[in-house]
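Asks: Here it is, the structure, as structure tokens.
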Amino acid sequence: MAQIHKLEGELVAKCHVAKLYNMMTRGAPSLPQYLPHIIHKYQVLPEYGEIRLGSIFVWDYIIEGNSSTVTTKEKVTAVDHKNMSITYTVFEGDLTIGYPSFAITFHITPNLEGGSNKGTVKWSIEYEKENEHVPTPTPFMEFLEAFFKELDVKLLEES
């Protein structure tokens with residue numbers, strides 16, 4: 001029987017949480033312009049409208065310590081715009097090597113105290129290893145942490 005593993009991370013965002021969520025949904029194709037040193041390509045299919053169940057994300061990015069670009073295709077398998085949460089399931093690309101299943105969820109929670117527009121970004125990955133020799137995807141978790149930290153800074157600079 002396959003064992004599902006889970007890793008989690010979080011960041012207290014300094015930028016407006018609605019702006020951050022918008023960047024992860026409608027603004028996603030512009031991510032390479034915000035973070036060109038780590039995101040090389042980010043495409044959403046279909047290429048119009050709001051992210052919805054079944055949308056496909058194709059992206060090329062750099063994980064620190066890797067000399068080559070990582071390519072991933074993910075399908076939106078759960079979305080809740082009201083609660084700012086999206087789950088992507090990887091179905092093609094580098095993250096399928098050694099991992100028969102790999103899903104990424106992020107959820108943004110506004111801080112409602114004191115009328116703040118800031119909040120917390122939480123992300124998790126649930127994955128299954130092909131065998132016990134496959135490493136834990138810690139570099140991908142570190143990538144997500146760097147990604148959200150740098151995106152938060154860029155969006156804060158725009159405010």
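Going by the structure tokens order, chains are called A, B, ..., each with residues numbered from 1, while ligands are numbered from 1 in the order shown.
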Can you tell me, as a list in words, what residues are no more than 12 Å from Ala2 (chain A) when counting only C-alpha atoms, ignoring any on the same chain fewer than 3 positions away?
Replies: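 Residues near the query, excluding close chain neighbours: His5, Tyr99, Pro100, Ser101, Tyr127, Glu128, Lys129, Glu130, Asn131 and Glu132 of chain A.
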Asks: Looking only at the backbone, which of the residues in chain A does DSSP tag as strand (DSSP E or B), as an MDAnalysis selection string?
Replies: chainID A and resid 4:13 39:45 56:61 70:80 85:93 101:110 119:128
Asks: Considering only C-alpha atoms, can you say which of A:Leu20, A:Ile108, A:Ile63, A:Ala146 comes closest to Leu95 (chain A)?
Replies: A:Ile63
Asks: Just want the 6 Å neighbourhood of region 39-45 of chain A, counted on only C-alpha atoms, with same-chain residues fewer than 5 positions away dropped. Output as a list in words.
Replies: Pro29, Pro32, Ser55, Ile56, Phe57, Val58, Trp59, Asp60 and Tyr61 of chain A
Asks: Generate the output file for the selected residues, N, CA, C and O atoms, as a PDB file, in the first residue's frame.
Replies:
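That gives us part.pdb:
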ATOM      1  N   PRO A  29       0.439  34.355 -15.413  1.00  0.00           N
ATOM      2  CA  PRO A  29       1.322  34.413 -16.580  1.00  0.00           C
ATOM      3  C   PRO A  29       2.410  35.487 -16.499  1.00  0.00           C
ATOM      4  O   PRO A  29       3.419  35.392 -17.187  1.00  0.00           O
ATOM      5  N   PRO A  32       6.974  35.302 -14.532  1.00  0.00           N
ATOM      6  CA  PRO A  32       8.361  35.399 -14.999  1.00  0.00           C
ATOM      7  C   PRO A  32       8.892  36.834 -15.023  1.00  0.00           C
ATOM      8  O   PRO A  32      10.091  37.052 -14.881  1.00  0.00           O
ATOM      9  N   SER A  55      -8.106  23.933 -14.927  1.00  0.00           N
ATOM     10  CA  SER A  55      -7.086  24.762 -15.580  1.00  0.00           C
ATOM     11  C   SER A  55      -5.744  24.045 -15.495  1.00  0.00           C
ATOM     12  O   SER A  55      -5.458  23.357 -14.526  1.00  0.00           O
ATOM     13  N   ILE A  56      -4.914  24.227 -16.517  1.00  0.00           N
ATOM     14  CA  ILE A  56      -3.601  23.601 -16.581  1.00  0.00           C
ATOM     15  C   ILE A  56      -2.537  24.685 -16.455  1.00  0.00           C
ATOM     16  O   ILE A  56      -2.620  25.722 -17.112  1.00  0.00           O
ATOM     17  N   PHE A  57      -1.548  24.431 -15.606  1.00  0.00           N
ATOM     18  CA  PHE A  57      -0.409  25.321 -15.440  1.00  0.00           C
ATOM     19  C   PHE A  57       0.820  24.606 -15.989  1.00  0.00           C
ATOM     20  O   PHE A  57       1.084  23.462 -15.635  1.00  0.00           O
ATOM     21  N   VAL A  58       1.553  25.289 -16.850  1.00  0.00           N
ATOM     22  CA  VAL A  58       2.804  24.766 -17.381  1.00  0.00           C
ATOM     23  C   VAL A  58       3.871  25.762 -16.979  1.00  0.00           C
ATOM     24  O   VAL A  58       3.763  26.946 -17.309  1.00  0.00           O
ATOM     25  N   TRP A  59       4.892  25.292 -16.244  1.00  0.00           N
ATOM     26  CA  TRP A  59       5.919  26.238 -15.849  1.00  0.00           C
ATOM     27  C   TRP A  59       7.303  25.633 -15.839  1.00  0.00           C
ATOM     28  O   TRP A  59       7.476  24.446 -15.651  1.00  0.00           O
ATOM     29  N   ASP A  60       8.262  26.497 -16.109  1.00  0.00           N
ATOM     30  CA  ASP A  60       9.687  26.174 -16.065  1.00  0.00           C
ATOM     31  C   ASP A  60      10.295  27.065 -14.997  1.00  0.00           C
ATOM     32  O   ASP A  60      10.085  28.282 -15.008  1.00  0.00           O
ATOM     33  N   TYR A  61      11.065  26.476 -14.096  1.00  0.00           N
ATOM     34  CA  TYR A  61      11.644  27.238 -12.995  1.00  0.00           C
ATOM     35  C   TYR A  61      12.962  26.610 -12.574  1.00  0.00           C
ATOM     36  O   TYR A  61      13.308  25.498 -12.983  1.00  0.00           O
TER      37      TYR A  61
END
Asks: Could you check the closest approach to Glu126 (chain A) for each of A:Ser30, A:Asn22, A:Gln3, A:Thr69 and tell me which residue wins, using only C-alpha atoms?
Replies: A:Gln3
Asks: Tell me which of A:Glu50, A:Glu92, A:Glu64, A:Glu150 sits closest to Gly27 (chain A), counting only C-alpha atoms.
Replies: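 For Gly27 (chain A), the nearest of the given residues is A:Glu50.
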Asks: Skip Thr138 (chain A) itself and residues of its chain fewer than 4 positions away, then list as a list in words all residues within 12 Å of it, counting only C-alpha atoms.
Replies: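 Those residues are His5, Lys6, Leu7, Glu8, Gly9, Ile63, Glu64, Gly65, Ser124, Ile125, Tyr127, Val134, Glu142, Phe143, Leu144 and Glu145 of chain A.
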Asks: Quote the spacing between CA of Pro36 (chain A) and CA of Thr87 (chain A) in Å to one decimal place.
Replies: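 Atom-to-atom, CA of Pro36 (chain A) to CA of Thr87 (chain A), that is 23.7 Å.
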Asks: Which of these, A:Leu53, A:Val76, A:Ala13, A:Ala103, has the shortest distance to Asp152 (chain A) once you count only C-alpha atoms?
Replies: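 Result for the nearest residue to Asp152 (chain A): A:Ala13.
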Asks: Determine which residues of chain A receive a DSSP assignment of alpha helix (DSSP H), computed from the backbone, and state them as a PyMOL selection string.
Replies: chain A and resi 17-24+31-34+138-158
Asks: Which of these residues is nearest to Ile97 (chain A), using only C-alpha atoms: A:Asn83, A:Asn111, A:Thr71, A:Asn117?
Replies: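 Residue with the minimum atom-to-atom distance to Ile97 (chain A): A:Thr71.
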Asks: What's around Met23 (chain A) at 12 Å? Count only C-alpha atoms, leave out sequence neighbours fewer than 2 positions away in its own chain, and write the answer as a VMD selection string.
Replies: chain A and resid 15 to 21 25 to 35 42 50 to 51 84 148 151 to 152 154 to 155
Asks: Work out how far CA of Pro110 (chain A) is from CA of Thr77 (chain A), in Å to one decimal.
Replies: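 CA of Pro110 (chain A) lies at a distance of 22.8 Å from CA of Thr77 (chain A).
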Asks: For Phe102 (chain A), which residue out of A:His37, A:Lys75, A:His81, A:Lys122 is the nearest one, using only C-alpha atoms?
Replies: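 Checking each candidate against Phe102 (chain A), we get A:Lys75 as the closest.
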Asks: What is the distance between CA of Thr136 (chain A) and CA of Gly98 (chain A), in Å to one decimal?
Replies: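 CA of Thr136 (chain A) sits 10.1 Å away from CA of Gly98 (chain A).
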